[in-house]
>>> print(open('protein.cif').read())   # mmCIF, C-alpha atoms
data_coords
#
loop_
_atom_site.label_atom_id
_atom_site.label_comp_id
_atom_site.auth_asym_id
_atom_site.auth_seq_id
_atom_site.Cartn_x
_atom_site.Cartn_y
_atom_site.Cartn_z
CA MET A 1421 46.68 9.14 -22.70
CA LEU A 1422 46.38 5.38 -22.76
CA ASN A 1423 42.85 5.81 -21.47
CA HIS A 1424 41.91 5.63 -25.15
CA PHE A 1425 42.24 1.83 -24.86
CA THR A 1426 40.42 -1.00 -23.16
CA SER A 1427 41.23 -4.66 -22.68
CA ASN A 1428 37.57 -5.46 -22.23
CA SER A 1429 35.80 -6.28 -25.49
CA ARG A 1430 32.50 -7.26 -23.86
CA GLY A 1431 29.46 -5.40 -25.07
CA ARG A 1432 28.95 -3.61 -28.36
CA THR A 1433 32.09 -2.65 -30.23
CA VAL A 1434 32.19 -0.95 -33.61
CA PRO A 1435 34.56 -2.58 -36.08
CA ILE A 1436 37.18 -0.52 -37.88
CA VAL A 1437 37.86 -2.11 -41.25
CA PRO A 1438 41.30 -1.19 -42.67
CA VAL A 1439 41.35 -1.13 -46.48
CA ALA A 1440 44.44 -0.51 -48.62
CA ALA A 1441 44.07 1.79 -51.61
CA ASP A 1442 45.35 -0.86 -54.02
CA ASP A 1443 42.80 -3.41 -52.67
CA PHE A 1444 39.92 -0.95 -52.51
CA ALA A 1445 38.26 -1.74 -55.86
CA GLY A 1446 38.25 -5.48 -55.13
CA TRP A 1447 37.05 -4.94 -51.57
CA LEU A 1448 34.22 -2.71 -52.76
CA LYS A 1449 33.02 -5.28 -55.32
CA VAL A 1450 32.26 -7.88 -52.63
CA GLN A 1451 30.29 -5.46 -50.42
CA SER A 1452 26.51 -5.09 -50.43
CA ALA A 1453 24.94 -2.78 -53.02
CA ALA A 1454 23.84 -0.37 -50.27
CA LEU A 1455 27.37 -0.15 -48.85
CA ARG A 1456 28.86 0.34 -52.32
CA ARG A 1457 26.45 3.22 -52.97
CA TRP A 1458 27.21 4.82 -49.60
CA VAL A 1459 30.98 4.55 -49.90
CA THR A 1460 30.88 5.87 -53.45
CA ALA A 1461 28.58 8.76 -52.46
CA THR A 1462 30.95 9.84 -49.67
CA GLY A 1463 33.90 9.94 -52.04
CA PHE A 1464 35.91 7.50 -49.93
CA ALA A 1465 38.92 6.20 -51.86
CA ALA A 1466 40.95 4.41 -49.13
CA GLN A 1467 43.64 7.08 -49.03
CA ARG A 1468 45.91 7.07 -45.97
CA GLY A 1469 44.03 8.24 -42.87
CA GLU A 1470 40.73 8.77 -44.69
CA PHE A 1471 37.75 7.17 -42.99
CA CYS A 1472 34.11 6.53 -43.76
CA ILE A 1473 31.49 6.10 -41.05
CA VAL A 1474 28.77 3.61 -42.01
CA ALA A 1475 25.36 3.55 -40.33
CA GLY A 1476 23.47 0.32 -39.81
CA SER A 1477 19.94 -0.34 -40.98
CA ALA A 1478 18.57 0.67 -37.56
CA GLY A 1479 20.39 3.99 -37.74
CA GLY A 1480 23.20 3.23 -35.29
CA LEU A 1481 26.90 3.15 -36.07
CA ASP A 1482 27.65 -0.08 -37.94
CA ARG A 1483 31.35 0.21 -38.83
CA VAL A 1484 34.17 2.53 -39.78
CA ILE A 1485 36.16 1.96 -42.94
CA LEU A 1486 39.73 3.24 -42.69
CA GLY A 1487 41.91 3.89 -45.71
CA THR A 1488 45.50 2.79 -45.21
CA GLY A 1489 46.80 4.10 -48.52
CA ASP A 1490 49.45 2.04 -50.23
CA GLY A 1491 51.72 -0.11 -48.10
CA GLY A 1492 49.92 -0.28 -44.74
CA GLY A 1493 49.95 3.36 -43.75
CA GLY A 1494 51.95 3.69 -40.56
CA PRO A 1495 50.89 5.10 -37.17
CA TRP A 1496 49.60 8.43 -38.48
CA THR A 1497 46.99 6.54 -40.52
CA TRP A 1498 45.30 5.65 -37.23
CA ALA A 1499 46.06 8.86 -35.34
CA GLY A 1500 43.09 10.85 -36.64
CA LEU A 1501 40.49 8.43 -35.32
CA PRO A 1502 40.39 8.73 -31.49
CA MET A 1503 39.33 12.37 -31.46
CA ALA A 1504 37.24 12.31 -34.65
CA LEU A 1505 35.04 9.25 -34.16
CA PRO A 1506 31.78 9.33 -32.21
CA LYS A 1507 31.95 8.24 -28.59
CA GLY A 1508 32.05 4.47 -28.28
CA THR A 1509 34.22 1.38 -28.14
CA TYR A 1510 35.93 0.25 -31.33
CA ASN A 1511 37.86 -2.82 -32.41
CA ILE A 1512 39.98 -3.58 -35.46
CA ALA A 1513 38.16 -5.99 -37.75
CA GLY A 1514 40.16 -8.91 -39.02
CA ARG A 1515 43.60 -9.97 -37.96
CA LEU A 1516 46.58 -7.67 -38.34
CA ARG A 1517 50.17 -8.88 -38.36
CA ALA A 1518 51.88 -8.22 -35.01
CA GLY A 1519 53.89 -5.30 -36.39
CA ASP A 1520 50.81 -3.75 -37.99
CA ALA A 1521 48.81 -4.19 -34.77
CA THR A 1522 51.55 -2.40 -32.84
CA VAL A 1523 51.65 0.42 -35.39
CA ALA A 1524 47.85 0.79 -35.24
CA ALA A 1525 47.87 0.91 -31.43
CA LEU A 1526 50.72 3.45 -31.41
CA GLY A 1527 48.88 5.64 -33.90
CA TRP A 1528 45.72 5.47 -31.82
CA ALA A 1529 47.70 6.40 -28.69
CA LEU A 1530 49.44 9.33 -30.39
CA GLY A 1531 46.16 10.56 -31.84
CA GLY A 1532 44.58 10.60 -28.40
CA TYR A 1533 47.09 13.12 -27.05
CA HIS A 1534 45.71 16.24 -25.44
CA PHE A 1535 47.71 18.86 -23.56
CA GLY A 1536 45.62 19.15 -20.44
CA ARG A 1537 47.82 20.95 -17.95
CA TYR A 1538 45.73 24.12 -17.94
CA ARG A 1539 42.45 22.89 -19.32
CA LYS A 1540 41.06 19.49 -18.41
CA THR A 1541 38.97 17.36 -20.71
CA LYS A 1542 36.28 14.82 -19.90
CA GLY A 1543 38.27 11.91 -21.26
CA PRO A 1544 38.36 9.93 -24.45
CA ARG A 1545 35.51 9.94 -26.91
CA ALA A 1546 36.52 6.82 -28.78
CA VAL A 1547 38.13 3.85 -27.05
CA LEU A 1548 39.94 1.04 -28.89
CA VAL A 1549 40.10 -2.57 -27.76
CA TRP A 1550 43.81 -3.41 -27.64
CA PRO A 1551 44.61 -5.03 -31.00
CA LYS A 1552 45.56 -8.70 -30.80
CA GLY A 1553 49.26 -9.17 -31.34
CA ALA A 1554 50.19 -5.58 -30.51
CA ASP A 1555 53.34 -5.12 -28.43
CA ARG A 1556 51.56 -3.33 -25.61
CA PRO A 1557 54.66 -2.50 -23.51
CA ALA A 1558 56.39 -0.99 -26.56
CA VAL A 1559 53.32 1.10 -27.40
CA GLU A 1560 53.03 2.29 -23.79
CA ARG A 1561 56.72 3.28 -23.67
CA ALA A 1562 56.66 5.09 -27.01
CA ALA A 1563 53.39 6.87 -26.21
CA ALA A 1564 54.65 7.95 -22.76
CA ALA A 1565 57.92 9.26 -24.21
CA THR A 1566 56.10 11.15 -26.96
CA THR A 1567 53.67 12.60 -24.44
CA ILE A 1568 56.53 13.93 -22.31
CA ALA A 1569 58.11 15.56 -25.36
CA ARG A 1570 54.81 17.06 -26.47
CA ASP A 1571 54.07 18.37 -22.98
CA LEU A 1572 57.50 20.00 -22.79
CA ILE A 1573 56.95 21.66 -26.16
CA ASN A 1574 53.47 22.88 -25.19
CA THR A 1575 54.43 24.17 -21.73
CA PRO A 1576 55.28 27.89 -21.68
CA ALA A 1577 58.83 28.73 -20.67
#
>>> encode(input="protein.cif", output="structure tokens")
Amino acid sequence: MLNHFTSNSRGRTVPIVPVAADDFAGWLKVQSAALRRWVTATGFAAQRGEFCIVAGSAGGLDRVILGTGDGGGGPWTWAGLPMALPKGTYNIAGRLRAGDATVAALGWALGGYHFGRYRKTKGPRAVLVWPKGADRPAVERAAAATTIARDLINTPA
């Protein structure tokens, strides 16, 4: 499950830009006109867990904007991303506080869960560079414990 992470940030990574709902209007004002039009056209409003994929001028993936709602979001804000984003390596743009980095990493780990006892998958689609300041051992312990519980629930009697 923690194969949805990498410590290696070499090469092309796609930034994930977290935006709080209460900061969204101000954030949008300082963006380029093209980005403002795109974000507005998609209906993105920075609600918790909502994300907007932005293409670059050459047509490739430029960035992902993630809505954190009001008050930072929590782990489930990040949980929808690992299985929904296109294949690639992602990083969190900007600097998160240590607690927020840990929450983001835990959410990513929980969102990457797949019960694979009877049906194997090819591995993660989206991989996140470990966020700076995240308590990696705590995330690994919590994700492993949650995985055990989920596997027990999903295993037939």
>>> resolve_selection(input="protein.cif", expression="the PyMOL selection byres ((chain A and resi 1493) around 10)", output="PyMOL selection string")
chain A and resi 1438+1440-1441+1467-1469+1487-1492+1494-1498+1520+1523-1524
>>> closest_residue(input="protein.cif", among="A:Val1437, A:Ala1577, A:Leu1455, A:Arg1537", to="A:Glu1470", atoms="only C-alpha atoms")
A:Val1437
>>> closest_residue(input="protein.cif", among="A:Val1547, A:Ala1554, A:Ala1504, A:Ala1461", to="A:Thr1522", atoms="only C-alpha atoms")
A:Ala1554
>>> residues_around(input="protein.cif", residues="A:Asn1428", least_positions_apart="6", cutoff="12 Å", atoms="all atoms listed in the file", output="PyMOL selection string")
chain A and resi 1509-1511+1547-1551
>>> residues_around(input="protein.cif", residues="A:Leu1505", least_positions_apart="6", cutoff="10 Å", atoms="all atoms listed in the file", output="PyMOL selection string")
chain A and resi 1471+1473+1484+1545-1547
>>> resolve_selection(input="protein.cif", expression="the PyMOL selection byres ((chain A and resi 1475) around 12)", output="ChimeraX atom specification")
/A:1434-1435,1454-1455,1458-1459,1472-1474,1476-1485,1506
>>> write_last_selection(input="protein.cif", atoms="C-alpha atoms", output="CSV table (one decimal), in the frame of the given file")
chain,number,residue,atom,x,y,z
A,1434,VAL,CA,32.2,-1.0,-33.6
A,1435,PRO,CA,34.6,-2.6,-36.1
A,1454,ALA,CA,23.8,-0.4,-50.3
A,1455,LEU,CA,27.4,-0.2,-48.8
A,1458,TRP,CA,27.2,4.8,-49.6
A,1459,VAL,CA,31.0,4.6,-49.9
A,1472,CYS,CA,34.1,6.5,-43.8
A,1473,ILE,CA,31.5,6.1,-41.0
A,1474,VAL,CA,28.8,3.6,-42.0
A,1476,GLY,CA,23.5,0.3,-39.8
A,1477,SER,CA,19.9,-0.3,-41.0
A,1478,ALA,CA,18.6,0.7,-37.6
A,1479,GLY,CA,20.4,4.0,-37.7
A,1480,GLY,CA,23.2,3.2,-35.3
A,1481,LEU,CA,26.9,3.2,-36.1
A,1482,ASP,CA,27.6,-0.1,-37.9
A,1483,ARG,CA,31.4,0.2,-38.8
A,1484,VAL,CA,34.2,2.5,-39.8
A,1485,ILE,CA,36.2,2.0,-42.9
A,1506,PRO,CA,31.8,9.3,-32.2
>>> atom_distance(input="protein.cif", atom1="atom CA of A:Ile1436", atom2="atom CA of A:Leu1486")
6.6 Å
>>> decode(input="protein.cif", residues="stretch 1492-1571 of chain A", atoms="C-alpha atoms", output="tab-separated table (two decimals), in the first residue's frame")
chain	number	residue	atom	x	y	z
A	1492	GLY	CA	-7.53	22.15	6.12
A	1493	GLY	CA	-9.65	19.17	5.19
A	1494	GLY	CA	-8.22	16.13	6.96
A	1495	PRO	CA	-6.93	12.86	5.48
A	1496	TRP	CA	-10.03	12.08	3.43
A	1497	THR	CA	-9.44	15.27	1.44
A	1498	TRP	CA	-6.37	13.59	-0.06
A	1499	ALA	CA	-7.72	10.04	-0.20
A	1500	GLY	CA	-9.50	10.37	-3.54
A	1501	LEU	CA	-6.38	11.29	-5.47
A	1502	PRO	CA	-4.15	8.17	-5.75
A	1503	MET	CA	-6.67	6.12	-7.70
A	1504	ALA	CA	-8.28	9.00	-9.62
A	1505	LEU	CA	-5.28	10.89	-10.97
A	1506	PRO	CA	-3.50	9.93	-14.20
A	1507	LYS	CA	-0.41	7.77	-13.86
A	1508	GLY	CA	2.59	9.82	-12.81
A	1509	THR	CA	4.61	11.20	-9.92
A	1510	TYR	CA	3.12	14.03	-7.90
A	1511	ASN	CA	4.39	16.39	-5.22
A	1512	ILE	CA	2.64	18.82	-2.90
A	1513	ALA	CA	3.32	22.38	-3.98
A	1514	GLY	CA	4.34	24.78	-1.27
A	1515	ARG	CA	5.18	23.99	2.30
A	1516	LEU	CA	2.68	22.33	4.60
A	1517	ARG	CA	2.93	22.43	8.38
A	1518	ALA	CA	4.26	19.13	9.77
A	1519	GLY	CA	0.83	18.06	11.01
A	1520	ASP	CA	-0.80	18.90	7.68
A	1521	ALA	CA	1.94	17.05	5.77
A	1522	THR	CA	1.33	13.97	7.92
A	1523	VAL	CA	-2.43	14.19	7.36
A	1524	ALA	CA	-1.92	14.56	3.59
A	1525	ALA	CA	0.40	11.53	3.48
A	1526	LEU	CA	-2.00	9.45	5.58
A	1527	GLY	CA	-4.90	10.38	3.32
A	1528	TRP	CA	-2.87	9.44	0.24
A	1529	ALA	CA	-1.94	6.11	1.84
A	1530	LEU	CA	-5.54	5.31	2.82
A	1531	GLY	CA	-6.78	6.28	-0.62
A	1532	GLY	CA	-4.35	3.89	-2.25
A	1533	TYR	CA	-5.83	0.86	-0.50
A	1534	HIS	CA	-6.90	-2.05	-2.67
A	1535	PHE	CA	-8.03	-5.45	-1.47
A	1536	GLY	CA	-5.89	-7.66	-3.64
A	1537	ARG	CA	-6.05	-11.08	-2.04
A	1538	TYR	CA	-8.04	-12.64	-4.87
A	1539	ARG	CA	-7.41	-10.22	-7.69
A	1540	LYS	CA	-4.03	-8.60	-8.19
A	1541	THR	CA	-3.52	-5.15	-9.61
A	1542	LYS	CA	-0.61	-3.73	-11.58
A	1543	GLY	CA	0.35	-1.27	-8.88
A	1544	PRO	CA	-0.20	2.38	-8.20
A	1545	ARG	CA	-1.26	4.79	-10.89
A	1546	ALA	CA	-0.30	7.96	-9.08
A	1547	VAL	CA	2.75	8.14	-6.80
A	1548	LEU	CA	3.35	10.94	-4.29
A	1549	VAL	CA	6.76	12.24	-3.25
A	1550	TRP	CA	6.79	11.99	0.56
A	1551	PRO	CA	5.72	15.42	1.83
A	1552	LYS	CA	8.43	17.33	3.68
A	1553	GLY	CA	7.78	17.37	7.39
A	1554	ALA	CA	5.44	14.36	7.35
A	1555	ASP	CA	5.86	11.90	10.22
A	1556	ARG	CA	6.63	8.96	7.97
A	1557	PRO	CA	6.78	6.27	10.70
A	1558	ALA	CA	3.39	7.39	12.07
A	1559	VAL	CA	1.85	7.32	8.59
A	1560	GLU	CA	3.30	3.86	7.91
A	1561	ARG	CA	1.97	2.49	11.22
A	1562	ALA	CA	-1.51	3.98	10.79
A	1563	ALA	CA	-1.74	2.87	7.16
A	1564	ALA	CA	-0.59	-0.68	8.00
A	1565	ALA	CA	-3.08	-0.96	10.87
A	1566	THR	CA	-5.92	0.34	8.71
A	1567	THR	CA	-4.97	-2.04	5.91
A	1568	ILE	CA	-5.13	-5.02	8.29
A	1569	ALA	CA	-8.57	-3.95	9.48
A	1570	ARG	CA	-9.81	-3.41	5.94
A	1571	ASP	CA	-8.44	-6.76	4.79
